[in-house]
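Enquirer: You'll find target-v2.cif just under this line, and it carries mmCIF, C-alpha atoms.
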data_protein
loop_
_atom_site.label_atom_id
_atom_site.label_comp_id
_atom_site.auth_asym_id
_atom_site.auth_seq_id
_atom_site.Cartn_x
_atom_site.Cartn_y
_atom_site.Cartn_z
CA GLU H 1 40.51 19.02 -28.90
CA PHE H 2 42.90 21.63 -30.29
CA LEU H 3 44.11 19.20 -32.96
CA ASN H 4 40.53 18.32 -33.92
CA LYS H 5 39.69 21.99 -34.35
CA GLY H 6 42.84 22.49 -36.45
CA ILE H 7 41.97 19.55 -38.68
CA GLY H 8 38.46 20.93 -39.11
CA LEU H 9 39.73 24.25 -40.45
CA ASP H 10 39.72 24.93 -44.18
CA LEU H 11 43.18 24.89 -45.79
CA SER H 12 42.70 28.48 -46.96
CA PHE H 13 42.75 29.47 -43.27
CA PHE H 14 46.43 28.51 -43.08
CA ASP H 15 47.28 30.47 -46.24
CA LYS H 16 46.26 33.74 -44.61
CA SER H 17 49.13 35.26 -42.64
CA GLU H 18 47.01 36.70 -39.83
CA SER H 19 44.98 33.50 -39.39
CA TYR H 20 48.09 31.37 -39.34
CA SER H 21 49.77 33.67 -36.81
CA ARG H 22 46.74 33.48 -34.51
CA TYR H 23 46.70 29.70 -34.85
CA ASN H 24 50.40 29.51 -33.92
CA ARG H 25 49.91 31.77 -30.88
CA ALA H 26 46.94 29.69 -29.77
CA PHE H 27 48.86 26.46 -30.29
CA SER H 28 51.92 27.66 -28.37
CA ASN H 29 49.72 28.86 -25.47
CA CYS H 30 47.12 26.09 -25.37
CA CYS H 31 48.94 24.00 -22.80
CA ASN H 32 49.60 26.98 -20.55
CA VAL H 33 45.99 28.15 -20.38
CA ILE H 34 44.89 25.75 -17.64
CA GLU H 35 48.00 26.37 -15.56
CA ASN H 36 47.63 30.14 -15.98
CA CYS H 37 43.95 29.96 -14.98
CA ASN H 38 44.80 27.97 -11.86
CA ASN H 39 47.59 30.40 -10.96
CA THR H 40 45.30 33.38 -11.53
CA ILE H 41 42.54 31.91 -9.35
CA LEU H 42 45.06 31.08 -6.62
CA SER H 43 46.50 34.61 -6.82
CA ILE H 44 43.05 36.16 -6.58
CA VAL H 45 42.07 34.03 -3.58
CA THR H 46 45.40 34.78 -1.88
CA ALA H 47 45.05 38.50 -2.58
CA ILE H 48 41.50 38.55 -1.19
CA ILE H 49 42.60 36.80 1.99
CA GLN H 50 45.54 39.19 2.36
CA ILE H 51 43.32 42.23 1.77
CA ILE H 52 40.82 41.03 4.37
CA MET H 53 43.49 40.28 6.97
CA ILE H 54 45.63 43.36 6.41
CA GLY H 55 42.58 45.54 5.85
CA SER H 56 41.03 44.56 9.14
CA VAL H 57 44.26 45.37 11.00
CA ILE H 58 44.71 48.68 9.22
CA LEU H 59 41.06 49.67 9.62
CA TRP H 60 41.47 49.00 13.33
CA VAL H 61 44.43 51.40 13.40
CA ASP H 62 43.54 54.11 10.84
CA ILE H 63 41.18 54.42 7.86
CA TYR H 64 43.55 56.82 6.04
CA VAL H 65 46.29 54.20 5.89
CA PHE H 66 43.76 51.76 4.48
CA ILE H 67 42.75 54.27 1.77
CA ALA H 68 46.41 54.96 0.94
CA ILE H 69 47.08 51.24 0.50
CA LEU H 70 44.01 50.90 -1.73
CA VAL H 71 45.38 53.73 -3.89
CA PHE H 72 48.69 51.87 -4.18
CA ILE H 73 46.82 48.70 -5.18
CA VAL H 74 44.84 50.51 -7.90
CA ILE H 75 48.03 52.09 -9.28
CA ASN H 76 49.75 48.67 -9.28
CA ILE H 77 46.85 47.10 -11.16
CA ALA H 78 46.85 49.89 -13.76
CA ILE H 79 50.61 49.62 -14.33
CA ASN H 80 50.44 45.81 -14.53
CA ASN H 81 47.73 46.09 -17.19
CA ILE H 82 49.92 48.43 -19.23
CA VAL H 83 52.84 45.98 -18.99
CA LYS H 84 50.60 43.06 -20.01
CA LYS H 85 49.41 45.01 -23.08
CA ILE H 86 53.01 45.79 -24.07
CA ASP H 87 53.96 42.12 -23.56
CA TYR H 88 50.99 40.97 -25.65
CA ASP H 89 51.88 43.34 -28.52
CA PHE H 90 55.47 42.11 -28.31
CA ASN H 91 54.36 38.46 -28.51
CA VAL H 92 52.19 39.21 -31.56
CA GLU H 93 55.14 40.84 -33.35
CA LEU H 94 57.52 38.10 -32.23
CA SER H 95 55.13 35.47 -33.55
CA ARG H 96 55.08 37.18 -36.93
CA LYS H 97 58.89 37.36 -37.07
CA ASN H 98 59.28 33.75 -35.90
CA LYS H 99 56.92 32.64 -38.66
CA GLN H 100 59.27 34.25 -41.18
CA VAL H 101 62.31 32.54 -39.67
CA ASN H 102 60.58 29.16 -39.32
CA TYR H 103 59.59 29.21 -42.98
CA LEU H 104 63.29 29.16 -43.87
CA TYR H 105 63.59 25.73 -42.24
CA THR H 106 60.83 23.96 -44.16
CA PRO H 107 62.07 21.09 -46.35
CA GLN H 108 60.40 22.57 -49.44
CA PHE H 109 62.16 25.90 -48.97
CA ILE H 110 65.53 24.23 -48.29
CA ARG H 111 65.13 22.30 -51.57
CA ASP H 112 64.45 25.59 -53.39
CA ILE H 113 67.57 27.13 -51.84
CA LYS H 114 69.73 24.24 -53.03
CA VAL H 115 68.27 24.17 -56.54
CA ASN H 116 68.53 27.93 -57.06
CA VAL H 117 71.86 28.41 -55.21
CA ILE H 118 70.55 31.34 -53.18
CA ASP H 119 71.91 30.32 -49.79
CA LYS H 120 73.94 33.53 -49.25
CA PHE H 121 70.88 35.64 -50.04
CA ILE H 122 68.71 33.57 -47.69
CA PHE H 123 71.28 33.69 -44.87
CA GLY H 124 71.35 37.46 -45.31
CA LYS H 125 67.52 37.56 -45.06
CA LYS H 126 67.64 35.33 -41.99
CA GLN H 127 70.15 37.68 -40.37
CA GLU H 128 67.90 40.66 -41.21
CA ILE H 129 64.94 38.95 -39.54
CA ASN H 130 67.07 38.05 -36.50
CA ASN H 131 68.18 41.70 -36.27
CA GLU H 132 64.53 42.81 -36.48
CA ILE H 133 63.64 40.36 -33.69
CA LEU H 134 66.49 41.77 -31.60
CA GLU H 135 65.27 45.35 -32.21
CA VAL H 136 61.68 44.42 -31.32
CA SER H 137 62.97 42.75 -28.14
CA LYS H 138 65.04 45.80 -27.21
CA LYS H 139 62.03 48.10 -27.69
CA GLN H 140 59.87 45.83 -25.57
CA VAL H 141 62.44 45.78 -22.77
CA LYS H 142 62.79 49.58 -22.90
CA LYS H 143 59.01 50.02 -22.74
CA THR H 144 58.45 47.63 -19.86
CA THR H 145 61.56 48.40 -17.81
CA LYS H 146 60.37 51.84 -16.74
CA PHE H 147 57.03 50.37 -15.64
CA ARG H 148 58.68 47.49 -13.79
CA ILE H 149 61.00 49.92 -11.99
CA LEU H 150 58.00 52.07 -11.09
CA LEU H 151 56.21 49.01 -9.69
CA SER H 152 59.25 48.14 -7.62
CA VAL H 153 59.59 51.68 -6.30
CA LEU H 154 55.88 51.85 -5.45
CA SER H 155 56.09 48.53 -3.63
CA ASP H 156 59.09 49.67 -1.60
CA LEU H 157 57.48 53.04 -0.95
CA GLU H 158 54.34 51.33 0.31
CA TYR H 159 56.34 49.32 2.86
CA VAL H 160 58.43 52.32 3.92
CA LEU H 161 55.36 54.53 4.39
CA ALA H 162 53.59 51.82 6.39
CA ALA H 163 56.65 51.34 8.62
CA LEU H 164 57.00 55.10 9.10
CA TYR H 165 53.32 55.43 9.93
CA PHE H 166 53.49 52.70 12.56
CA ALA H 167 56.76 54.12 13.96
CA PHE H 168 55.06 57.52 14.24
CA SER H 169 52.09 55.82 15.90
CA VAL H 170 54.45 54.35 18.49
CA ILE H 171 56.05 57.75 19.10
CA ILE H 172 52.71 59.44 19.75
CA HIS H 173 51.59 56.46 21.86
CA LEU H 174 48.77 55.47 19.50
CA VAL H 175 50.29 51.97 19.23
CA ALA H 176 52.29 50.19 21.92
CA VAL H 177 55.93 49.36 21.18
CA ALA H 178 55.21 45.64 21.62
CA ASP H 179 52.40 45.83 19.04
CA TYR H 180 54.71 47.56 16.55
CA PHE H 181 57.16 44.67 16.51
CA THR H 182 54.54 41.89 16.33
#
Could you write out this structure as structure tokens?
Expert:
Amino acid sequence: EFLNKGIGLDLSFFDKSESYSRYNRAFSNCCNVIENCNNTILSIVTAIIQIIMIGSVILWVDIYVFIAILVFIVINIAINNIVKKIDYDFNVELSRKNKQVNYLYTPQFIRDIKVNVIDKFIFGKKQEINNEILEVSKKQVKKTTKFRILLSVLSDLEYVLAALYFAFSVIIHLVAVADYFT
């Protein structure tokens, strides 16, 4: 179906840089779409089941703990959305840079390099593009690393606070010791 749509497009579509970049991104992701949808649906169903099970236990113990966990969940979702946006922007830029590099490997361009003896110039350009890709990658890692660390800290903090709450509940005899360890 993807190939049929591509064949149906006007040739001028492929001459436009933005159109061609979108086509390449779509082509490189077309096979992953179904798998990603299945994984997303499975994750949602699993998360709902976990929320219902954990929520019922926590509501039985204390509503404030339940609210605190919901706050953690909302913060996690917000941070994950920020990371996904940064990753998407990175993939758009990477696609543009890869298009420039891939053009250097087309048979027509290689023929032009040989005829015009501009191989040193082209290798220099290729190295420039590779350096730009490296810089874009470094920026993306720097942007997402702080958010990924924050997610990790929040996740650990959530578990620590829950354990401390239940330990405190055992100390004040709100929860039995046997229930704490089960």
Enquirer: Might you pull out every residue within 12 Å of Val141 of chain H, with all atoms listed in the file counted and same-chain residues fewer than 6 positions away left off, and present them as a PyMOL selection string?
Expert: chain H and resi 83+86-87+90+134-135+147-149
Enquirer: For atom CA of Leu150 of chain H and atom CA of Ile69 of chain H, quote the distance in Å rounded to one decimal.
Expert: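 Between these atoms lies a distance of 15.9 Å.
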Enquirer: Quick one: residues within 12 Å of Lys84 of chain H, only C-alpha atoms, excluding same-chain residues fewer than 5 positions away - as a list of chain:residue names?
Expert: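 The filter keeps H:Ile77, H:Ala78, H:Ile79, H:Asp89, H:Phe90, H:Asn91, H:Gln140, H:Lys143, H:Thr144, H:Phe147, H:Arg148.
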Enquirer: Please report the interatomic distance between atom CA of Leu151 of chain H and atom CA of Ile82 of chain H in Å with one decimal.
Expert: 11.4 Å
Enquirer: As an exercise, work out the distance from atom CA of Lys126 of chain H to atom CA of Glu93 of chain H in Å and give it to one decimal place.
Expert: 16.2 Å
Enquirer: Near Glu128 of chain H, counting all atoms listed in the file, which residues have an atom at most 12 Å away, once you skip same-chain residues fewer than 5 positions from it, shown as JSON, numbers by chain?
Expert: {"H": [97, 100, 101, 121, 122, 123, 133, 134, 135]}
Enquirer: Next, write the just-selected residues to a file, as an mmCIF file, in the frame of the given file, keeping C-alpha atoms as the atom set.
Expert:
data_model
loop_
_atom_site.group_PDB
_atom_site.id
_atom_site.type_symbol
_atom_site.label_atom_id
_atom_site.label_comp_id
_atom_site.auth_asym_id
_atom_site.auth_seq_id
_atom_site.Cartn_x
_atom_site.Cartn_y
_atom_site.Cartn_z
ATOM 1 C CA LYS H 97 58.890 37.360 -37.070
ATOM 2 C CA GLN H 100 59.270 34.250 -41.180
ATOM 3 C CA VAL H 101 62.310 32.540 -39.670
ATOM 4 C CA PHE H 121 70.880 35.640 -50.040
ATOM 5 C CA ILE H 122 68.710 33.570 -47.690
ATOM 6 C CA PHE H 123 71.280 33.690 -44.870
ATOM 7 C CA ILE H 133 63.640 40.360 -33.690
ATOM 8 C CA LEU H 134 66.490 41.770 -31.600
ATOM 9 C CA GLU H 135 65.270 45.350 -32.210
#
Enquirer: Closest to Ala68 of chain H among H:Lys125, H:Ser169, H:Ile118, H:Ala162, using all atoms listed in the file?
Expert: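 The closest residue to Ala68 of chain H is H:Ala162.
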Enquirer: Could you add the missing atoms to segment 7-26 of chain H, up to N, CA, C and O atoms, and return them as a short mmCIF file (atom, residue, chain, number, x, y, z; two decimals), in the coordinates of the input?
Expert:
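Result file follows (part-v6.cif):
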data_model
loop_
_atom_site.label_atom_id
_atom_site.label_comp_id
_atom_site.auth_asym_id
_atom_site.auth_seq_id
_atom_site.Cartn_x
_atom_site.Cartn_y
_atom_site.Cartn_z
N ILE H 7 42.26 20.41 -37.52
CA ILE H 7 41.97 19.55 -38.68
C ILE H 7 40.68 19.99 -39.35
O ILE H 7 40.54 19.92 -40.57
N GLY H 8 39.74 20.50 -38.57
CA GLY H 8 38.46 20.93 -39.11
C GLY H 8 38.52 22.24 -39.88
O GLY H 8 37.57 22.61 -40.58
N LEU H 9 39.62 22.97 -39.76
CA LEU H 9 39.73 24.25 -40.45
C LEU H 9 39.99 24.05 -41.94
O LEU H 9 40.65 23.09 -42.35
N ASP H 10 39.49 24.96 -42.74
CA ASP H 10 39.72 24.93 -44.18
C ASP H 10 41.19 25.26 -44.45
O ASP H 10 41.80 26.06 -43.74
N LEU H 11 41.77 24.66 -45.47
CA LEU H 11 43.18 24.89 -45.79
C LEU H 11 43.46 26.36 -46.10
O LEU H 11 44.56 26.86 -45.86
N SER H 12 42.49 27.06 -46.64
CA SER H 12 42.70 28.48 -46.96
C SER H 12 42.97 29.30 -45.70
O SER H 12 43.61 30.35 -45.76
N PHE H 13 42.50 28.80 -44.56
CA PHE H 13 42.75 29.47 -43.27
C PHE H 13 44.25 29.59 -43.03
O PHE H 13 44.74 30.61 -42.56
N PHE H 14 45.00 28.53 -43.34
CA PHE H 14 46.43 28.51 -43.08
C PHE H 14 47.22 29.32 -44.10
O PHE H 14 48.38 29.64 -43.88
N ASP H 15 46.61 29.65 -45.23
CA ASP H 15 47.28 30.47 -46.24
C ASP H 15 47.27 31.94 -45.87
O ASP H 15 48.11 32.71 -46.35
N LYS H 16 46.35 32.34 -45.03
CA LYS H 16 46.26 33.74 -44.61
C LYS H 16 47.24 33.98 -43.47
O LYS H 16 47.23 33.27 -42.47
N SER H 17 48.06 34.99 -43.62
CA SER H 17 49.13 35.26 -42.64
C SER H 17 48.57 35.51 -41.24
O SER H 17 49.06 34.95 -40.26
N GLU H 18 47.56 36.35 -41.14
CA GLU H 18 47.01 36.70 -39.83
C GLU H 18 46.36 35.48 -39.17
O GLU H 18 46.54 35.23 -37.98
N SER H 19 45.62 34.70 -39.93
CA SER H 19 44.98 33.50 -39.39
C SER H 19 46.02 32.52 -38.88
O SER H 19 45.90 31.96 -37.79
N TYR H 20 47.04 32.31 -39.70
CA TYR H 20 48.09 31.37 -39.34
C TYR H 20 48.83 31.83 -38.10
O TYR H 20 49.14 31.04 -37.21
N SER H 21 49.08 33.13 -37.99
CA SER H 21 49.77 33.67 -36.81
C SER H 21 48.93 33.46 -35.56
O SER H 21 49.44 33.07 -34.50
N ARG H 22 47.62 33.70 -35.67
CA ARG H 22 46.74 33.48 -34.51
C ARG H 22 46.72 32.00 -34.11
O ARG H 22 46.73 31.67 -32.94
N TYR H 23 46.69 31.13 -35.12
CA TYR H 23 46.70 29.70 -34.85
C TYR H 23 47.99 29.31 -34.12
O TYR H 23 47.95 28.56 -33.14
N ASN H 24 49.12 29.83 -34.57
CA ASN H 24 50.40 29.51 -33.92
C ASN H 24 50.45 30.02 -32.49
O ASN H 24 50.93 29.32 -31.59
N ARG H 25 49.94 31.25 -32.25
CA ARG H 25 49.91 31.77 -30.88
C ARG H 25 49.01 30.91 -29.99
O ARG H 25 49.36 30.60 -28.86
N ALA H 26 47.87 30.53 -30.54
CA ALA H 26 46.94 29.69 -29.77
C ALA H 26 47.58 28.34 -29.48
O ALA H 26 47.48 27.82 -28.36
#
